[in-house]
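Dropping my_file06.cif in here (mmCIF, C-alpha atoms (C1' of nucleotides)):
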data_run
#
loop_
_atom_site.label_atom_id
_atom_site.label_comp_id
_atom_site.auth_asym_id
_atom_site.auth_seq_id
_atom_site.Cartn_x
_atom_site.Cartn_y
_atom_site.Cartn_z
CA MET A 1090 11.11 181.59 148.12
CA THR A 1091 10.73 177.84 148.25
CA ASP A 1092 10.26 175.99 151.48
CA ARG A 1093 13.09 174.38 153.36
CA GLN A 1094 14.39 171.29 151.65
CA ASN A 1095 15.77 168.25 153.38
CA LEU A 1096 19.51 167.74 153.53
CA GLY A 1097 19.40 164.56 151.48
CA LEU A 1098 17.75 166.35 148.59
CA LEU A 1099 20.15 169.27 148.89
CA CYS A 1100 23.00 166.79 148.58
CA PHE A 1101 21.39 165.32 145.49
CA TYR A 1102 21.77 168.43 143.33
CA PRO A 1103 25.58 168.69 143.44
CA SER A 1104 25.94 164.95 143.11
CA ARG A 1105 23.76 164.89 140.01
CA ALA A 1106 25.47 167.96 138.59
CA MET A 1107 28.93 166.44 138.98
CA GLU A 1108 27.87 163.20 137.35
CA ALA A 1109 26.20 164.97 134.45
CA ARG A 1110 29.24 167.15 133.88
CA LEU A 1111 31.57 164.15 133.95
CA MET A 1112 29.48 162.29 131.40
CA GLN A 1113 29.21 165.32 129.18
CA GLU A 1114 32.96 165.89 129.06
CA LEU A 1115 33.78 162.21 128.65
CA VAL A 1116 31.42 161.96 125.71
CA ALA A 1117 32.86 165.13 124.21
CA ALA A 1118 36.35 163.64 124.46
CA GLY A 1119 35.32 160.53 122.54
CA PHE A 1120 34.52 158.24 125.47
CA ASP A 1121 30.98 158.07 124.17
CA ASP A 1122 30.36 154.37 124.71
CA ILE A 1123 30.10 154.62 128.48
CA THR A 1124 27.08 155.12 130.75
CA THR A 1125 26.71 156.55 134.23
CA ALA A 1126 26.06 153.11 135.67
CA GLN A 1127 29.25 151.80 134.14
CA GLY A 1128 31.10 154.86 135.40
CA ARG A 1129 29.91 154.32 138.94
CA ILE A 1130 31.39 150.85 138.89
CA ALA A 1131 34.59 151.86 137.10
CA ALA A 1132 35.21 154.68 139.57
CA ARG A 1133 35.67 152.11 142.31
CA ILE A 1134 38.38 150.05 140.72
CA GLY A 1135 41.52 150.27 142.83
CA PRO A 1136 45.08 150.71 141.53
CA HIS A 1137 45.85 146.98 141.64
CA GLY A 1138 42.44 145.80 140.55
CA THR A 1139 39.33 145.03 142.53
CA ARG A 1140 37.12 141.97 142.87
CA LEU A 1141 33.69 141.97 141.34
CA THR A 1142 32.10 141.32 144.70
CA ASP A 1143 33.82 144.32 146.23
CA LEU A 1144 32.77 146.54 143.36
CA ALA A 1145 29.19 145.40 143.81
CA ALA A 1146 29.28 145.97 147.57
CA GLN A 1147 30.71 149.47 147.27
CA ALA A 1148 28.28 150.51 144.57
CA LEU A 1149 25.38 148.91 146.45
CA VAL A 1150 24.27 146.74 143.54
CA THR A 1151 24.06 142.98 143.18
CA LYS A 1152 26.94 140.90 141.87
CA GLN A 1153 24.93 140.21 138.74
CA THR A 1154 24.46 143.86 138.00
CA ALA A 1155 28.12 144.61 138.61
CA ASN A 1156 29.11 141.68 136.42
CA HIS A 1157 26.88 142.90 133.64
CA LEU A 1158 28.39 146.37 133.76
CA VAL A 1159 31.94 145.05 133.91
CA ASP A 1160 31.18 142.90 130.85
CA GLN A 1161 30.22 146.02 128.94
CA LEU A 1162 33.27 147.93 130.16
CA GLN A 1163 35.46 145.04 129.10
CA ARG A 1164 33.89 144.77 125.67
CA ALA A 1165 34.47 148.50 125.17
CA GLY A 1166 38.12 148.10 126.19
CA TYR A 1167 38.03 150.07 129.44
CA VAL A 1168 38.93 147.21 131.77
CA HIS A 1169 40.16 143.64 131.71
CA ARG A 1170 39.95 140.75 134.14
CA VAL A 1171 42.90 138.78 135.50
CA PRO A 1172 42.87 135.80 137.85
CA ASP A 1173 43.42 136.73 141.49
CA PRO A 1174 46.74 135.06 142.47
CA THR A 1175 45.60 134.71 146.07
CA ASP A 1176 42.22 133.10 145.42
CA GLY A 1177 41.38 130.66 142.67
CA ARG A 1178 37.71 131.58 142.65
CA ALA A 1179 38.26 135.27 142.23
CA ARG A 1180 39.27 137.51 139.38
CA LEU A 1181 40.49 141.07 139.61
CA VAL A 1182 38.95 143.76 137.46
CA GLN A 1183 41.75 146.07 136.37
CA MET A 1184 41.87 149.24 134.33
CA ALA A 1185 43.00 148.86 130.74
CA GLU A 1186 44.76 151.62 128.81
CA ARG A 1187 41.52 153.18 127.60
CA GLY A 1188 40.13 153.05 131.12
CA ARG A 1189 43.15 154.85 132.55
CA ALA A 1190 42.80 157.56 129.92
CA ALA A 1191 39.15 158.07 130.81
CA VAL A 1192 39.93 158.18 134.52
CA ALA A 1193 42.66 160.76 133.93
CA LEU A 1194 40.18 162.98 132.12
CA ALA A 1195 37.56 162.42 134.80
CA ARG A 1196 40.02 163.53 137.48
CA ARG A 1197 40.70 166.73 135.57
CA VAL A 1198 37.00 167.45 135.16
CA GLU A 1199 36.36 166.80 138.84
CA ALA A 1200 39.06 169.28 139.78
CA GLU A 1201 37.61 171.79 137.34
CA VAL A 1202 34.09 171.50 138.77
CA GLU A 1203 35.37 171.72 142.32
CA ALA A 1204 37.25 174.87 141.39
CA GLU A 1205 34.01 176.37 140.07
CA TRP A 1206 32.18 175.46 143.23
CA THR A 1207 34.99 176.89 145.33
CA ALA A 1208 34.78 180.11 143.37
CA HIS A 1209 31.07 180.31 144.21
CA LEU A 1210 31.32 179.38 147.88
CA GLY A 1211 34.73 180.67 148.89
CA GLU A 1212 37.77 178.71 150.03
CA GLU A 1213 36.83 178.46 153.66
CA ALA A 1214 33.21 177.46 153.19
CA THR A 1215 34.27 174.80 150.68
CA ALA A 1216 36.79 173.34 153.10
CA GLN A 1217 34.12 173.24 155.80
CA LEU A 1218 31.69 171.63 153.37
CA ARG A 1219 34.18 168.91 152.52
CA ALA A 1220 34.94 168.27 156.18
CA ALA A 1221 31.24 168.02 157.04
CA LEU A 1222 30.55 165.66 154.15
CA GLU A 1223 33.47 163.45 155.09
CA ARG A 1224 32.18 163.16 158.62
CA LEU A 1225 28.67 162.56 157.35
CA ARG A 1226 29.99 159.73 155.24
CA GLU A 1227 30.84 157.88 158.43
CA VAL A 1228 27.15 157.43 159.10
CA THR A 1229 25.77 157.30 155.57
CA ASP A 1230 28.16 155.03 153.68
CA PRO A 1231 27.83 151.43 154.85
CA TYR A 1232 31.08 150.41 153.14
CA ARG A 1233 33.65 152.57 154.84
CA MET B 773 43.12 155.81 154.66
CA THR B 774 41.41 156.25 151.35
CA ASP B 775 42.39 158.99 148.95
CA ARG B 776 40.55 162.25 148.69
CA GLN B 777 37.15 161.89 147.10
CA ASN B 778 35.49 164.45 144.90
CA LEU B 779 32.75 166.62 146.35
CA GLY B 780 30.12 165.22 144.02
CA LEU B 781 30.72 161.70 145.25
CA LEU B 782 30.79 162.87 148.86
CA CYS B 783 27.38 164.41 148.29
CA PHE B 784 26.14 161.15 146.85
CA TYR B 785 26.42 159.15 150.08
CA PRO B 786 24.02 161.23 152.20
CA SER B 787 21.64 161.60 149.31
CA ARG B 788 21.51 157.85 148.77
CA ALA B 789 21.25 157.20 152.49
CA MET B 790 18.30 159.55 152.87
CA GLU B 791 16.46 158.03 149.96
CA ALA B 792 17.07 154.49 151.17
CA ARG B 793 15.85 155.35 154.63
CA LEU B 794 12.72 157.00 153.29
CA MET B 795 11.87 153.99 151.16
CA GLN B 796 12.52 151.61 154.02
CA GLU B 797 10.21 153.42 156.42
CA LEU B 798 7.51 153.98 153.81
CA VAL B 799 7.49 150.27 152.98
CA ALA B 800 7.41 149.39 156.67
CA ALA B 801 4.37 151.64 157.11
CA GLY B 802 2.46 149.86 154.36
CA PHE B 803 3.29 152.17 151.46
CA ASP B 804 4.96 149.24 149.78
CA ASP B 805 3.71 149.81 146.24
CA ILE B 806 5.91 152.80 145.57
CA THR B 807 9.38 153.07 144.05
CA THR B 808 12.16 155.61 144.38
CA ALA B 809 11.54 156.92 140.87
CA GLN B 810 7.88 157.48 141.67
CA GLY B 811 8.87 159.12 144.93
CA ARG B 812 11.19 161.54 143.19
CA ILE B 813 8.31 162.70 141.02
CA ALA B 814 5.76 162.75 143.81
CA ALA B 815 8.06 164.81 146.03
CA ARG B 816 7.79 167.68 143.57
CA ILE B 817 4.02 168.02 143.51
CA GLY B 818 3.05 171.41 144.86
CA PRO B 819 0.18 172.11 147.27
CA HIS B 820 -2.26 173.05 144.51
CA GLY B 821 -1.08 170.48 142.00
CA THR B 822 1.64 170.63 139.39
CA ARG B 823 1.72 170.14 135.64
CA LEU B 824 3.32 167.06 134.21
CA THR B 825 5.76 169.14 132.20
CA ASP B 826 6.91 170.96 135.32
CA LEU B 827 7.36 167.72 137.21
CA ALA B 828 9.44 166.36 134.36
CA ALA B 829 11.58 169.49 134.17
CA GLN B 830 12.29 169.57 137.89
CA ALA B 831 13.14 165.89 138.07
CA LEU B 832 15.24 166.14 134.91
CA VAL B 833 13.41 163.38 133.07
CA THR B 834 11.40 163.43 129.86
CA LYS B 835 7.68 164.08 129.81
CA GLN B 836 7.15 160.47 128.79
CA THR B 837 8.99 159.13 131.79
CA ALA B 838 7.16 161.48 134.15
CA ASN B 839 3.84 160.52 132.59
CA HIS B 840 4.59 156.85 133.04
CA LEU B 841 5.44 157.33 136.71
CA VAL B 842 2.38 159.49 137.36
CA ASP B 843 0.23 156.77 135.77
CA GLN B 844 1.57 154.29 138.28
CA LEU B 845 1.09 156.69 141.18
CA GLN B 846 -2.47 157.31 140.07
CA ARG B 847 -3.25 153.62 139.73
CA ALA B 848 -1.94 153.06 143.26
CA GLY B 849 -4.12 155.87 144.57
CA TYR B 850 -1.41 158.33 145.57
CA VAL B 851 -2.33 161.11 143.14
CA HIS B 852 -5.09 162.13 140.77
CA ARG B 853 -5.27 164.39 137.76
CA VAL B 854 -7.63 167.31 137.33
CA PRO B 855 -8.03 169.63 134.36
CA ASP B 856 -6.11 172.87 134.70
CA PRO B 857 -8.80 175.60 134.83
CA THR B 858 -6.41 178.09 133.27
CA ASP B 859 -5.27 175.99 130.31
CA GLY B 860 -7.37 173.53 128.35
CA ARG B 861 -4.36 171.49 127.26
CA ALA B 862 -2.97 171.02 130.71
CA ARG B 863 -3.88 168.84 133.65
CA LEU B 864 -2.73 169.24 137.22
CA VAL B 865 -1.31 166.31 139.14
CA GLN B 866 -2.56 166.59 142.70
CA MET B 867 -2.00 164.55 145.82
CA ALA B 868 -4.79 162.18 146.80
CA GLU B 869 -5.51 161.17 150.38
CA ARG B 870 -3.07 158.26 150.32
CA GLY B 871 -0.41 160.48 148.82
CA ARG B 872 -0.81 163.07 151.56
CA ALA B 873 -0.48 160.37 154.19
CA ALA B 874 2.75 159.13 152.60
CA VAL B 875 4.15 162.65 152.37
CA ALA B 876 3.36 163.28 156.02
CA LEU B 877 5.29 160.17 157.00
CA ALA B 878 8.15 161.11 154.69
CA ARG B 879 8.43 164.52 156.34
CA ARG B 880 8.68 162.89 159.75
CA VAL B 881 11.37 160.50 158.58
CA GLU B 882 13.34 163.32 156.98
CA ALA B 883 13.29 165.24 160.26
CA GLU B 884 14.37 162.10 162.09
CA VAL B 885 17.34 161.48 159.79
CA GLU B 886 18.40 165.11 159.93
CA ALA B 887 18.31 164.93 163.71
CA GLU B 888 20.63 161.93 163.59
CA TRP B 889 23.01 163.73 161.27
CA THR B 890 22.94 166.79 163.48
CA ALA B 891 23.80 164.62 166.46
CA HIS B 892 26.82 163.34 164.58
CA LEU B 893 28.03 166.67 163.22
CA GLY B 894 26.92 169.15 165.84
CA GLU B 895 24.40 171.96 165.50
CA GLU B 896 26.75 174.55 164.11
CA ALA B 897 28.43 172.35 161.51
CA THR B 898 25.03 171.14 160.32
CA ALA B 899 23.77 174.69 159.91
CA GLN B 900 26.90 175.56 157.92
CA LEU B 901 26.46 172.44 155.81
CA ARG B 902 22.91 173.39 154.96
CA ALA B 903 23.91 176.94 154.10
CA ALA B 904 26.72 175.73 151.84
CA LEU B 905 24.47 173.22 150.07
CA GLU B 906 21.79 175.84 149.53
CA ARG B 907 24.32 178.15 147.93
CA LEU B 908 25.74 175.31 145.90
CA ARG B 909 22.28 174.59 144.61
CA GLU B 910 22.33 177.94 142.87
CA VAL B 911 24.94 176.61 140.47
CA THR B 912 24.02 172.92 140.38
CA ASP B 913 20.23 172.88 140.04
CA PRO B 914 19.16 174.15 136.64
CA TYR B 915 15.53 174.58 137.76
CA ARG B 916 15.84 177.09 140.55
"C1'" DA C 280 41.91 114.14 154.76
"C1'" DC C 281 36.87 114.77 154.56
"C1'" DT C 282 33.05 117.16 154.96
"C1'" DA C 283 30.04 121.17 155.69
"C1'" DG C 284 29.47 125.66 155.14
"C1'" DT C 285 30.75 129.96 152.98
"C1'" DA C 286 32.30 132.97 149.30
"C1'" DA C 287 33.26 134.31 144.14
"C1'" DG C 288 31.36 134.42 140.10
"C1'" DT C 289 28.03 132.97 136.10
"C1'" DC C 290 23.55 131.96 133.67
"C1'" DA C 291 18.68 132.92 132.79
"C1'" DG C 292 14.71 135.56 132.98
"C1'" DA C 293 11.82 139.44 134.16
"C1'" DG C 294 10.37 144.13 135.43
"C1'" DA C 295 11.14 149.01 135.90
"C1'" DG C 296 13.10 153.30 134.25
"C1'" DA C 297 14.48 156.19 130.80
"C1'" DC C 298 15.10 157.64 126.13
"C1'" DT C 299 13.91 159.02 120.95
"C1'" DG C 300 10.57 159.95 117.56
"C1'" DA C 301 6.03 160.82 116.00
"C1'" DC C 302 1.72 162.60 116.98
"C1'" DC C 303 -2.75 165.35 118.52
"C1'" DA C 304 -5.04 169.17 120.95
"C1'" DT C 305 -4.92 173.70 122.61
"C1'" DC C 306 -3.09 178.25 123.41
"C1'" DG C 307 -1.32 182.86 122.07
"C1'" DT C 308 0.02 186.04 118.84
"C1'" DC C 309 0.26 188.48 114.52
"C1'" DG D 551 -8.00 182.98 111.32
"C1'" DA D 552 -3.46 180.97 110.47
"C1'" DC D 553 0.83 179.54 112.61
"C1'" DG D 554 4.38 178.55 115.81
"C1'" DA D 555 4.83 177.09 120.56
"C1'" DT D 556 3.29 174.35 124.47
"C1'" DG D 557 0.99 170.36 127.15
"C1'" DG D 558 0.37 165.86 126.85
"C1'" DT D 559 0.05 160.96 124.74
"C1'" DC D 560 1.37 156.70 121.95
"C1'" DA D 561 4.79 153.32 120.34
"C1'" DG D 562 9.05 151.14 120.49
"C1'" DT D 563 13.60 150.31 122.33
"C1'" DC D 564 17.60 149.94 125.36
"C1'" DT D 565 19.77 149.88 129.80
"C1'" DC D 566 19.69 148.96 134.59
"C1'" DT D 567 18.66 146.18 138.25
"C1'" DC D 568 16.66 142.56 140.58
"C1'" DT D 569 15.52 137.40 142.10
"C1'" DG D 570 16.64 132.70 141.80
"C1'" DA D 571 19.39 128.81 140.73
"C1'" DC D 572 23.88 127.03 139.85
"C1'" DT D 573 29.24 125.86 139.63
"C1'" DT D 574 33.63 126.21 141.40
"C1'" DA D 575 36.89 127.08 144.98
"C1'" DC D 576 38.29 128.21 149.63
"C1'" DT D 577 38.19 127.35 154.87
"C1'" DA D 578 37.36 125.51 159.33
"C1'" DG D 579 36.20 121.60 162.22
"C1'" DT D 580 36.51 117.06 163.15
#
Would you mind writing the structure in this file as structure tokens?
Amino acid sequence: MTDRQNLGLLCFYPSRAMEARLMQELVAAGFDDITTAQGRIAARIGPHGTRLTDLAAQALVTKQTANHLVDQLQRAGYVHRVPDPTDGRARLVQMAERGRAAVALARRVEAEVEAEWTAHLGEEATAQLRAALERLREVTDPYR
Amino acid sequence: MTDRQNLGLLCFYPSRAMEARLMQELVAAGFDDITTAQGRIAARIGPHGTRLTDLAAQALVTKQTANHLVDQLQRAGYVHRVPDPTDGRARLVQMAERGRAAVALARRVEAEVEAEWTAHLGEEATAQLRAALERLREVTDPYR
DNA sequence: ACTAGTAAGTCAGAGAGACTGACCATCGTC
DNA sequence: GACGATGGTCAGTCTCTCTGACTTACTAGT
């Protein structure tokens, strides 16, 4: 019996497990030139494209870091940048074909992992868990 | 309204928030020569000391990485190493005085943050959340 | 219409974190 | 006592992330 662990740490295990599983399956499917850091940025690109600054803010990294990661994603063909029609300074980071394919796979894997977790916890407990985490996000995610 | 987020990502927000808060308060209290990576290792040192290999396994990093971080912690006076009386190859990483002081503060901050979360979610929902996360750990933490 | 301040993004450089691979010392077992 | 396994270290590399300084473009106030 280990001692009582704090809620933040308890949240860390599933979060790490999901990320590891995503990476593992992406690599297995041939998306082997991507890293977790790149994935964290890519996961936040909206359907019509997202500004670099917004990506950085949501991922809680500096613009420079986000820019660096987007450069790599672009070189690997996952995303491309287009000028923002509403703001001459800005550019929108959009998913390219390869990026959309990777995201589609990632969505499938996420659903798969959630199904496994649901099988372990039960439908009702999982629904409660999701509800609690969504409410907790209100006080733990500064960008939402 | 944002779309439904996966459970792994939902777990990420509280985990990141807890870690950020811990670092912030530790720095404010004068423990300003520590990093999150060092903290993640230090948090796993048991009451009688823990082997480097075990620390590495629990934190899911290589022995080299763990060794590097323990070196830094030792230089800063948070931990020290003693020979393992039961195994001539091994050494135990133990908390030093400064390390114990930091851990004591960290425990207080953790309790504080959990109290805030409980205030937001309610007693019952928080208890259910903890129970669900502890069960989820059974399938998401390889070292337990 | 001009100017001052703010916001978007880029360039350069540095430090920390994490890995792979090779290695030595010690333990445990046959 | 020899040999495979385990605990730990050394060396080198790559990625992530930051700070600081800068350019360009938008916006609000006069």
Problem set entry | Output of the PyMOL selection byres ((chain A) within 12 of (chain C)), listed as a ChimeraX atom specification | /A:1140-1143,1145,1151-1157,1160,1172-1173,1176-1181
**Asked** Quick one, how far is atom CA of Glu1108 of chain A from atom CA of Gly780 of chain B?
**Response**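 Going from atom CA of Glu1108 of chain A over to atom CA of Gly780 of chain B, I get 7.3 Å.
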request  = To verify the selection step, state as an MDAnalysis selection string which residues the PyMOL selection byres ((chain A and resi 1127-1139) around 8) yields on this input.
outcome  = chainID A and resid 1123:1126 1140:1141 1143:1145 1147:1148 1155 1158:1159 1161:1162 1181:1184 1192
Q) Within 9 Å of chain A, which residues of chain B show up when using only C-alpha atoms, listed as a ChimeraX atom specification? A) /B:777-791,879,882-883,886,889,892-893,897-898,900-902,904-909,911-913
Suppose a student applies the PyMOL selection byres ((chain D) within 9 of (chain A)) to this structure; what residues should they get, written as a PDB file with C-alpha atoms (C1' of nucleotides), in the frame of the given file?
ATOM      1  C1'  DC D 566      19.690 148.960 134.590  1.00  0.00           C
ATOM      2  C1'  DT D 567      18.660 146.180 138.250  1.00  0.00           C
ATOM      3  C1'  DC D 568      16.660 142.560 140.580  1.00  0.00           C
ATOM      4  C1'  DT D 574      33.630 126.210 141.400  1.00  0.00           C
ATOM      5  C1'  DA D 575      36.890 127.080 144.980  1.00  0.00           C
ATOM      6  C1'  DC D 576      38.290 128.210 149.630  1.00  0.00           C
TER       7       DC D 576
END
Open item on the list: Just the number, please: distance in Å from atom CA of Arg793 of chain B to atom CA of Arg853 of chain B, one decimal.
Closed with: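 So the answer is 28.5 Å.
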- Expressed in Å to a single decimal, how great is the separation between atom C1' of DG558 of chain D and atom CA of Arg847 of chain B?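 Computing the Euclidean distance for atom C1' of DG558 of chain D and atom CA of Arg847 of chain B yields 18.1 Å.
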Enclose the full set of atoms of segment 1147-1162 of chain A listed in the file within a box whose edges lie along x, y and z, apply 6 Å of padding to each of the six sides, and report centre and edge lengths in Å to one decimal as lines of an AutoDock Vina configuration file.
center_x = 28.7
center_y = 145.4
center_z = 138.1
size_x = 21.2
size_y = 22.3
size_z = 30.3
Open item on the list: Which residues are close to Ala801 of chain B, i.e. within 10 Å by only C-alpha atoms (C1' of nucleotides), leaving aside same-chain residues fewer than 6 positions away? Reply as a PyMOL selection string.
Closed with: chain B and resi 795+874+877
